[in-house]
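Peer 1: I'd like to ask you about the structure that follows.
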There are 2 protein chains.
Amino acid sequence: MHSSPYESLLGRVKEASIVGSIGSTLHWDQETGMPAAGTGWRADQLAWVSSRAHAIISDAETGRLLEAAEGLAPAADSDQAVNLRWLRRDYERATRLPPKFVEECAHTEAMAQEAWREARAQSDFPKFAPFLEKLVNQARRRAAYLGNGGKAYDALLDLYEPGATSESVGLLFDSLAPRLQTLVAAAGDPSIPAPAPLPNGPYPAAAQERFNQKIAAAVGFDFASGRIDTSTHPFCTTLGPLDHRLTTRYDETDFTSSLYGVLHEAGHGMYEQGLDPHAYGLPCGSAISLGVHESQSRLWENHVGRKQAFWNHWYPWAVECFPQLAAVTPHALWRHANRVRRSFIRVEADEVTYDLHIILRFRLECALIGGELEARDIPSAWNTMFSELLGLEVRKDAEGCLQDVHWSGGGFGYFATYTLGNINAAHLMSAAGKNEPELGKALEAGNYAPLLNWLRTRVHQSGMRKLPAALIAAASGSPVTADAHLAHLEEKVSAYCAG
Amino acid sequence: MHSSPYESLLGRVKEASIVGSIGSTLHWDQETGMPAAGTGWRADQLAWVSSRAHAIISDAETGRLLEAAEGLAPAADSDQAVNLRWLRRDYERATRLPPKFVEECAHTEAMAQEAWREARAQSDFPKFAPFLEKLVNQARRRAAYLGNGGKAYDALLDLYEPGATSESVGLLFDSLAPRLQTLVAAAGDPSIPAPAPLPNGPYPAAAQERFNQKIAAAVGFDFASGRIDTSTHPFCTTLGPLDHRLTTRYDETDFTSSLYGVLHEAGHGMYEQGLDPHAYGLPCGSAISLGVHESQSRLWENHVGRKQAFWNHWYPWAVECFPQLAAVTPHALWRHANRVRRSFIRVEADEVTYDLHIILRFRLECALIGGELEARDIPSAWNTMFSELLGLEVRKDAEGCLQDVHWSGGGFGYFATYTLGNINAAHLMSAAGKNEPELGKALEAGNYAPLLNWLRTRVHQSGMRKLPAALIAAASGSPVTADAHLAHLEEKVSAYCAG
């Protein structure tokens, strides 16, 4: 039997997907349950997997097959053409990164993650500093290998958000920051009543699991091909076409922390579950960007989960899981979930302050990769900028520059996509409401299928066929701007200030 | 830098260990938490891993390095000579198995495990039959590829128990069976009082976890490099030199079921934790056989955990975890844990009937692999033999031939090692008691370190330096026989019959 170059290429892509998904499984286990002493060997395993994946993609035979398949000139809008275009990009990227370098990065990252975990627990930046220095140097080298003559940082940003540049994102963020600071100031007016405190805990982790599980299933996360576990830093990962894992963490004094973690990660998981499983690992069956991914998580977390309608609907279930909640109203839960206050930890930040946390990280990363800032100076740069943007003095690095897992995994260029996601989410939600006049009523009734179906058809099923900006514009019917996001926040702050 | 052939060979062995341990991680996840829909892709992952591992070991370069290293003739008793001897055996085995065949087996096994799980849940043998037929055919083909002219089954037995033959094991089992049946009959005398029933449950799974965790740590299982999870069929697996995973399952009406599962698997885990982590993946740092492995699990489960001294010591902790136990005495718990009664499920069988379950499986496997029995006839053959050996009529295949995971994973030749383990355990324990006169007092005081240290030095640290029979003889000071095992069971039955 003779295979076409394209079919042979798909065979290699499948092997690379197998290897990649094995790496994801090893990562998932490292984050959710691996005994601490397992770190060294896990690093060896991940380095091996990473080098195998790189070898398959960058192999000369892959290049030959690509060229042969491209030579047969498939129709420009066919799936085959889409797949070839992105596979060509992957191949170019992979062949620019020397295998030794890829392996070295994977090893550093595995060791750095464990060091970060300890450093954060002890709020001991110097313990993490030598790892961060290595990671930054590797990121600079990666940018140099990948770069196309633009700014070094753009090469990293493009890994997560194809088409975005530090200039375009920087301008957008510069225009956002002051309007957000104004909103934060309005909500922080001392005359605004603070939300009533939640009734005293404990809110047992087991009851939270039960509470979250039912809600995740109701919004549409499919547990036949998914599960929820516990990790220090919540995440969502895909281990195969029908295997999607979410994680969250439990605060027994406040059940809403794990709930919003789950809604957020379930949004990611539902995007993955909405991709074509038969095209798993291929561009047509893959998510287009992190900024689009984050639009899905933010949409379910904030535009569904933080609405009054959500709390009206789920109030009886909340009281069943946590009987002490009978003492408060659904409105009190809504207000608790929407409190605006400056705080230190990004993943616990409210919607209004959140983007300021991102803008800080984006600016620091631009400076780090651009060579204007060194790893050792991160704590003071972080703290100064934090004070300027959020008006708070960071007292310890565990609540400052040590709080996030991303850098320890080499993920420079990633943070900006969170705020791009917020902007996309609001833009999509606003369009969905106009397209589907009954949507509001369905959400009030706890019927999430119309919204999920709208997203499935217009966003998820597109895979990588359109670039992020084109995808959001086509889905919503208009080019993306930050207007819907700011309007959403302004409306919320106004309702919040009314008490 | 120039490496010796032996050093280069070690590099390849390390790569094979990485790949093998990745396979173990994927298996562990499949058994403990993978969503059901993930099965197909997991099978693809496992097939790929298995074919990679096979490729590394069977590669011509491995053969060349082996030959070159052997040519340098290391001292016969050196670790290098030990490693080369076993690596040669692995290489010979691997090169006799065609890569396509290895991949096909891994794929069948992954699919068969899921089919078995469903078939067992529904007690539906025909659902599993086509998979079992494939598995048996693959096992016969494997035996033919590996065989050295002896009986086909011996080639499979030798995979798990080097040096054992179906003839020697068959004779041993034929002599054991009637003496065990006599003991079972004695304990089943209607005049013997049944153990008092445990106080009513529930014994919540979370309380059982807590109870077991403390005991596993006390006997010496190291949680810095290990953990306990839940699976349908309890097992122990090693995912790296310092990463050991146990599993158990919870019956909320009887907390002793998960306890003995944990003690058993912790025995396996402590053997693995006692091997040299610097020789991980090398013969000098590997367990010698399953019969020796099982001696460690059985020793902790039965010769420690099922003694009156164990219950005297742990009674207060049991009452703390399960307050209803205050209504019974430590002696009642001992008697509950040592009840003798014919039953259907091997993993829940008591010590006295257990070996009869194994003898049945061993005889069926000999007939299956020898071609005297076919997969489709397993239910009737099982039920007939069960009635002869244990005097009970099997009413459904879920409590008969569908109960074990082993065949669904292709593990023919494995079962006999359970009874070899029982025999080894009793022989070692008897020797340890004679060597260390204070051992009994230490165990009464809940001090397990002297026993663990004795096993570490005499058994664990040997790796694969001695064959099983030689290892047990050297550790105990005398060649292994079944005498200690039968004496142990006779003493127990006599105490049990006294009420």
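Identifiers in this document derive from the order of the structure tokens: chains are assigned A, B, ..., residues are numbered from 1 separately in each chain, and ligands are numbered from 1 in order of occurrence.
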Using only C-alpha atoms, determine which residues lie at most 12 Å from Asp251 of chain B, disregarding the query and same-chain residues fewer than 4 positions distant; provide the list as a VMD selection string.

Peer 2: chain B and resid 201 to 209 230 232 255 to 261 348

Peer 1: Which of segment 209-379 of chain B counts as strand (DSSP E) under DSSP, as a list in words please?

Peer 2: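 Of segment 209-379 of chain B, only Gly226, Arg227, Ile228, Asp229, Thr230, Cys236, Thr237, Thr238, Leu239, Gly240, Asp243, His244, Arg245, Leu246, Thr247 and Thr248 of chain B fall in strand (DSSP E).
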
Peer 1: Can you write out the residues you just picked, keeping C-alpha atoms, as an mmCIF file, in the first residue's frame?

Peer 2:
```cif
data_model
loop_
_atom_site.group_PDB
_atom_site.id
_atom_site.type_symbol
_atom_site.label_atom_id
_atom_site.label_comp_id
_atom_site.auth_asym_id
_atom_site.auth_seq_id
_atom_site.Cartn_x
_atom_site.Cartn_y
_atom_site.Cartn_z
ATOM 1 C CA GLY B 226 5.544 7.002 47.739
ATOM 2 C CA ARG B 227 1.785 7.351 47.913
ATOM 3 C CA ILE B 228 -1.434 5.335 48.140
ATOM 4 C CA ASP B 229 -4.314 5.649 45.671
ATOM 5 C CA THR B 230 -7.512 3.776 44.858
ATOM 6 C CA CYS B 236 2.208 -1.643 43.637
ATOM 7 C CA THR B 237 4.263 -0.046 40.899
ATOM 8 C CA THR B 238 7.545 1.793 40.678
ATOM 9 C CA LEU B 239 7.637 4.907 38.496
ATOM 10 C CA GLY B 240 11.248 5.850 39.198
ATOM 11 C CA ASP B 243 8.655 6.991 43.261
ATOM 12 C CA HIS B 244 6.634 4.045 44.520
ATOM 13 C CA ARG B 245 2.861 3.867 44.212
ATOM 14 C CA LEU B 246 0.538 1.574 46.135
ATOM 15 C CA THR B 247 -3.166 1.217 45.546
ATOM 16 C CA THR B 248 -5.980 -0.300 47.534
#
```

Peer 1: Set out as JSON lines a contact list for chain B and chain A with a cut-off of 6 Å, giving each residue of chain B that qualifies its closest atom pair and distance in Å to one decimal, counting only C-alpha atoms, ordered by chain and rising residue number.

Peer 2:
```
{"residue": "B:Ile18", "atom": "CA", "partner": "A:Gln45", "partner_atom": "CA", "distance": 5.6}
{"residue": "B:Pro35", "atom": "CA", "partner": "A:Ser225", "partner_atom": "CA", "distance": 5.1}
{"residue": "B:Ala37", "atom": "CA", "partner": "A:Ser225", "partner_atom": "CA", "distance": 5.0}
{"residue": "B:Gly38", "atom": "CA", "partner": "A:Asp243", "partner_atom": "CA", "distance": 5.0}
{"residue": "B:Trp41", "atom": "CA", "partner": "A:Gly240", "partner_atom": "CA", "distance": 6.0}
{"residue": "B:Gln45", "atom": "CA", "partner": "A:Ile18", "partner_atom": "CA", "distance": 5.7}
{"residue": "B:Ala224", "atom": "CA", "partner": "A:Pro35", "partner_atom": "CA", "distance": 5.9}
{"residue": "B:Ser225", "atom": "CA", "partner": "A:Ala37", "partner_atom": "CA", "distance": 5.0}
{"residue": "B:Gly226", "atom": "CA", "partner": "A:Pro35", "partner_atom": "CA", "distance": 5.6}
{"residue": "B:Gly240", "atom": "CA", "partner": "A:Trp41", "partner_atom": "CA", "distance": 5.9}
{"residue": "B:Leu242", "atom": "CA", "partner": "A:Gly38", "partner_atom": "CA", "distance": 5.2}
{"residue": "B:Asp243", "atom": "CA", "partner": "A:Gly38", "partner_atom": "CA", "distance": 5.0}
```

Peer 1: At a cut-off of 10 Å, using only C-alpha atoms, what residues contact Ala337 of chain B? Leave out same-chain residues fewer than 4 positions from it and give the result as a PyMOL selection string.

Peer 2: chain B and resi 195+256-257+260+302+305-308+311+331-333+350-351

Peer 1: Write the residues of the preceding selection, restricted to C-alpha atoms, as a short mmCIF file (atom, residue, chain, number, x, y, z; two decimals), in the first residue's frame.

Peer 2:
```cif
data_model
loop_
_atom_site.label_atom_id
_atom_site.label_comp_id
_atom_site.auth_asym_id
_atom_site.auth_seq_id
_atom_site.Cartn_x
_atom_site.Cartn_y
_atom_site.Cartn_z
CA PRO B 195 -15.70 -14.98 64.52
CA THR B 256 -9.63 -4.75 57.24
CA SER B 257 -9.98 -5.35 53.50
CA TYR B 260 -4.47 -5.86 54.36
CA ASN B 302 0.34 -12.20 57.17
CA GLY B 305 -0.38 -7.92 60.15
CA ARG B 306 -2.36 -11.05 60.96
CA LYS B 307 -0.71 -11.70 64.34
CA GLN B 308 -2.32 -11.14 67.73
CA TRP B 311 -3.88 -6.11 66.89
CA HIS B 331 -8.63 -10.75 70.14
CA ALA B 332 -11.93 -10.42 68.27
CA LEU B 333 -10.19 -8.30 65.61
CA ASP B 350 -7.94 -16.06 53.79
CA GLU B 351 -4.42 -17.37 54.18
#
```

Peer 1: What's the 12 Å shell around Gly188 of chain B, counting only C-alpha atoms, without same-chain residues fewer than 5 positions away, as a compact mmCIF listing (two decimals) with N, CA and C atoms, in the first residue's frame?

Peer 2:
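Result went into selection22.txt, see below:
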```txt
# COMPACT_ATOMS: atom_id res chain seq x y z
N GLN B 181 -6.36 -28.69 51.98
CA GLN B 181 -7.78 -29.08 52.04
C GLN B 181 -8.12 -29.65 53.41
N THR B 182 -7.17 -30.39 54.00
CA THR B 182 -7.37 -30.92 55.36
C THR B 182 -7.52 -29.78 56.36
N LEU B 183 -6.64 -28.77 56.24
CA LEU B 183 -6.73 -27.62 57.16
C LEU B 183 -8.05 -26.87 56.99
N PRO B 193 -16.64 -22.04 66.62
CA PRO B 193 -17.44 -20.81 66.59
C PRO B 193 -16.96 -19.86 65.49
N ALA B 194 -17.90 -19.27 64.78
CA ALA B 194 -17.54 -18.25 63.78
C ALA B 194 -17.02 -17.02 64.50
N ARG B 339 -10.21 -15.38 60.05
CA ARG B 339 -11.28 -16.34 59.81
C ARG B 339 -10.92 -17.21 58.61
N VAL B 340 -11.24 -18.47 58.70
CA VAL B 340 -11.02 -19.39 57.59
C VAL B 340 -12.38 -19.74 57.03
N ARG B 341 -12.56 -19.47 55.76
CA ARG B 341 -13.80 -19.91 55.12
C ARG B 341 -13.61 -19.93 53.61
N ARG B 342 -14.19 -20.94 53.04
CA ARG B 342 -14.16 -21.04 51.57
C ARG B 342 -14.84 -19.81 50.99
N SER B 343 -14.25 -19.24 49.96
CA SER B 343 -14.90 -18.09 49.31
C SER B 343 -14.46 -18.04 47.85
N VAL B 352 -5.45 -19.56 54.56
CA VAL B 352 -5.45 -21.03 54.47
C VAL B 352 -6.02 -21.50 53.13
N THR B 353 -7.05 -20.82 52.67
CA THR B 353 -7.63 -21.23 51.37
C THR B 353 -6.90 -20.61 50.18
N LEU B 390 -12.18 -26.39 46.27
CA LEU B 390 -12.70 -25.56 47.36
C LEU B 390 -14.12 -25.93 47.78
N GLY B 391 -14.71 -26.87 47.05
CA GLY B 391 -16.02 -27.36 47.48
C GLY B 391 -17.15 -26.34 47.37
N VAL B 493 -4.49 -22.25 62.41
CA VAL B 493 -5.79 -22.93 62.40
C VAL B 493 -6.09 -23.49 63.78
N SER B 494 -5.05 -24.01 64.43
CA SER B 494 -5.27 -24.58 65.76
C SER B 494 -5.72 -23.47 66.74
N TYR B 496 -7.15 -20.67 65.92
CA TYR B 496 -8.45 -20.21 65.45
C TYR B 496 -9.57 -21.16 65.92
N CYS B 497 -9.28 -22.47 65.85
CA CYS B 497 -10.29 -23.45 66.24
C CYS B 497 -10.56 -23.42 67.75
```

Peer 1: Between A:Leu66, A:Leu180, A:Leu392, A:Leu84, single out the one closest to Asp355 of chain A, counting only C-alpha atoms.

Peer 2: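 Looking at the shortest contact to Asp355 of chain A, the residue is A:Leu180.
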
Peer 1: Would you mind reading off the distance between atom CA of His54 of chain A and atom CA of Asp158 of chain A, one decimal, in Å?

Peer 2: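 Atom CA of His54 of chain A sits 18.7 Å away from atom CA of Asp158 of chain A.
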
Peer 1: Pick from B:Ala144, B:Ala445, B:Ile288, B:Ala177: nearest to Asn312 of chain B, with only C-alpha atoms counted?

Peer 2: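 Of B:Ala144, B:Ala445, B:Ile288, B:Ala177, the one nearest Asn312 of chain B, counting only C-alpha atoms, is B:Ala445.
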
Peer 1: Between atom CA of Tyr6 of chain A and atom CA of Ser51 of chain A, what is the distance, to one decimal in Å?

Peer 2: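 Pair atom CA of Tyr6 of chain A / atom CA of Ser51 of chain A returns 23.8 Å.
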
Peer 1: Set the distance at 8 Å and use only C-alpha atoms: which residues neighbour Gln138 of chain B once local chain neighbours fewer than 4 positions away are removed? I'd like the list as a PyMOL selection string.

Peer 2: chain B and resi 105+134+142

Peer 1: Pick the closest to Leu159 of chain A from A:Phe125, A:Tyr250, A:Trp300, A:Trp86: which is it, counting only C-alpha atoms?

Peer 2: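 Under the stated criterion, the closest residue is A:Trp86.
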
Peer 1: Which residues are close to Asp154 of chain B, i.e. within 7 Å by only C-alpha atoms, leaving aside same-chain residues fewer than 4 positions away? Reply as a PyMOL selection string.

Peer 2: chain B and resi 150+158+165-166
